[in-house]
Amino acid sequence: MQEIISEEQQVIDIILIAIGLLLLMALAIVLFFYFSRRRIIKTELEKANLEINYQREVLQSTIITQEEERKRIAQDLHDAISSKLNVVSLNANMLSDTSISTEETVKIAENIVKVTSTVLENSRKIAHDLLPPTLDKFGLEAAMEELCDEIGDARAFKIDTNFQYGLNLLSQDDELHLFRIIQELLNNTIKYAEAKSVQLSLVANGSEVILTYKDDGKGFDVAEAKKAKGLGLSGITNRVEILNASMEMSSSIGNGILVRIQKRLD
Amino acid sequence: MNHFLVLSIVGHAILLVNVIVYFKSFIRNDKAFKIFSIYLAFSFCIQIATLVIGKGFHLPNLYLSHFYIVGQFVLLSLFYFQLLKNKLILFVIPAIVALIGIQFILDPSLFFRYNPVGIVITQVILVLYAIFYLYQSLSGKKPFIIINAGILFYLLSSTLIFASGNLVLDLDISENTRFILINVNRVFILLLQILIFTEWYRNYRPALKSR
């Protein structure tokens, strides 16, 4: 009897142990999935946050650039148009004065004509700077040539260009972005680089468009410049992002700058 | 032994409560929820029938386990089909049911014994579905995740209890010892029912819906 009891007890024990093991296994499986899921959700959340932060930064720098641009336009309008129109208004007032001599009238009128033509020229220039009509009418290559001619005429550095870009390879928006990038690069060179020569090339080969920009100016620390928000660099980066292109920028102090932007054609 | 009777009563009571609350939310919810509600009602009916036939009329009620196993397999398979959206499940259901049918044709006396092979096959397949569903739930918030965990726990552990049924009966093991296994099973059923109730309370109770 004792034997039977111990035997059946053994069977029951084994069954209970097996059940316990199975339970443990089930628990392990559930916990494993539970914690994996938590971890996955956590990493996804972090990724989403990073994305949001990045977009916030882009937005912020866009707004800063926009504000700076407005400031510049306001300054331009004030300097080049408002102050000159004040002179015209003053002269016109003087004309309405009956006590002045004919000789003076002629002189004042000449002055008005001179100032007015300057104002006209200035307003044309401002409008041209805001959106060059050449880009709209004759495409990116023509607009770039015009831009280089203008800068080459006025500035102390030489521009070597190499354009092999057909018409309408990119959409109008994309061309504008590329144009703005080039404008910004040239502006930086003019403002900071003290360069002697600039090499600019825009080459399209079947599947992609490659823009290369090189100057021999002072150069700068790329990592430092990227930290400074609201400057031209973030504007360029944002536009490259919008273009869905890739950009390599290398520069160091004393060695000029080399920028290469690659945009795949769809 | 008395508090084990309490355990059984509480288990059945929660099952009844679950049947009621799930059927009260029946119309508002999706197919998976409806199938699961039917599964609960089905379990309840089998439990009651087992009690009435066994305790009420003192007749053998073991054959009810076959209906329970097949019913559970079909209903939970359909439930997982709704969750996993895998057509393979629809082919597995008739195949397994046919297999169990063939078992009974080959050995009709099986009807009055436990069917360990049937139990193991059906429950292991359901466990696989449950694990696969856990894997799918990695990619985001999925419904019925608490029920899924409950099913995984219950099926894995109860498989062994049911499968060892014949062994325990054949060994002529004393009533007392057998009760240990029965009560372990009762505890598991109770836990499963609590988890099922938790699922309803956390995700399907009417106050949540009206918000």
# chains A, B, ... in the order shown; residues from 1 in each chain; ligands from 1
>>> closest_atom_pairs(of="chain B", to="chain A", cutoff="6 Å", atoms="only C-alpha atoms", output="tab-separated table")
residue	atom	partner	partner_atom	distance
B:Leu138	CA	A:Arg37	CA	4.8
B:Phe153	CA	A:Ala26	CA	5.5
B:Ser157	CA	A:Ile19	CA	5.3
>>> select_by_dssp(residues="range 24-243 of chain A", states="alpha helix (DSSP H)", output="PyMOL selection string")
chain A and resi 24-76+83-96+102-130+133-154+172-188+222-227+232-243
>>> residues_around(residues="Lys24 in chain B", least_positions_apart="4", cutoff="12 Å", atoms="only C-alpha atoms", output="PyMOL selection string")
chain B and resi 17-20+28-29+33-34+37+200+204-206
>>> select_by_dssp(residues="range 153-182 of chain A", states="strand (DSSP E or B)", output="CSV table (one decimal) with all heavy atoms, in the first residue's frame")
chain,number,residue,atom,x,y,z
A,158,LYS,N,37.6,86.0,-59.6
A,158,LYS,CA,37.3,85.5,-60.9
A,158,LYS,C,36.4,84.2,-60.7
A,158,LYS,O,36.6,83.5,-59.8
A,158,LYS,CB,38.6,85.0,-61.5
A,158,LYS,CG,38.6,85.0,-63.0
A,158,LYS,CD,40.1,84.7,-63.5
A,158,LYS,CE,40.1,83.3,-64.0
A,158,LYS,NZ,41.1,82.4,-63.6
A,159,ILE,N,35.4,84.1,-61.6
A,159,ILE,CA,34.6,82.9,-61.5
A,159,ILE,C,34.7,82.1,-62.8
A,159,ILE,O,34.6,82.5,-63.9
A,159,ILE,CB,33.1,83.3,-61.4
A,159,ILE,CG1,32.9,84.3,-60.2
A,159,ILE,CG2,32.2,82.1,-61.3
A,159,ILE,CD1,31.4,84.6,-60.0
A,160,ASP,N,35.2,80.8,-62.6
A,160,ASP,CA,35.2,79.9,-63.7
A,160,ASP,C,34.0,79.1,-63.7
A,160,ASP,O,33.6,78.5,-62.6
A,160,ASP,CB,36.4,78.9,-63.5
A,160,ASP,CG,37.7,79.7,-63.6
A,160,ASP,OD1,37.8,80.6,-64.4
A,160,ASP,OD2,38.6,79.3,-62.8
A,161,THR,N,33.3,79.0,-64.8
A,161,THR,CA,32.0,78.3,-64.8
A,161,THR,C,32.1,77.1,-65.8
A,161,THR,O,32.8,77.2,-66.8
A,161,THR,CB,30.9,79.2,-65.2
A,161,THR,OG1,31.1,79.8,-66.4
A,161,THR,CG2,30.6,80.2,-64.1
A,162,ASN,N,31.3,76.1,-65.5
A,162,ASN,CA,31.2,75.0,-66.4
A,162,ASN,C,29.8,74.5,-66.3
A,162,ASN,O,29.4,73.8,-65.4
A,162,ASN,CB,32.2,73.9,-66.0
A,162,ASN,CG,31.9,72.6,-66.8
A,162,ASN,OD1,31.4,72.7,-67.9
A,162,ASN,ND2,32.3,71.5,-66.2
A,163,PHE,N,29.0,74.9,-67.3
A,163,PHE,CA,27.5,74.5,-67.2
A,163,PHE,C,27.2,73.6,-68.3
A,163,PHE,O,27.4,73.9,-69.5
A,163,PHE,CB,26.6,75.8,-67.4
A,163,PHE,CG,26.8,76.8,-66.3
A,163,PHE,CD1,26.9,78.1,-66.5
A,163,PHE,CD2,26.9,76.3,-65.0
A,163,PHE,CE1,27.0,79.0,-65.5
A,163,PHE,CE2,27.1,77.3,-63.9
A,163,PHE,CZ,27.1,78.6,-64.2
A,164,GLN,N,26.8,72.4,-68.0
A,164,GLN,CA,26.3,71.4,-69.0
A,164,GLN,C,25.0,70.9,-68.5
A,164,GLN,O,24.8,69.8,-68.0
A,164,GLN,CB,27.3,70.2,-69.1
A,164,GLN,CG,28.6,70.6,-69.7
A,164,GLN,CD,29.6,69.5,-69.6
A,164,GLN,OE1,29.2,68.3,-69.7
A,164,GLN,NE2,30.8,69.8,-69.3
>>> atom_distance(atom1="CA of Val203 in chain A", atom2="CA of Glu175 in chain A")
13.3 Å
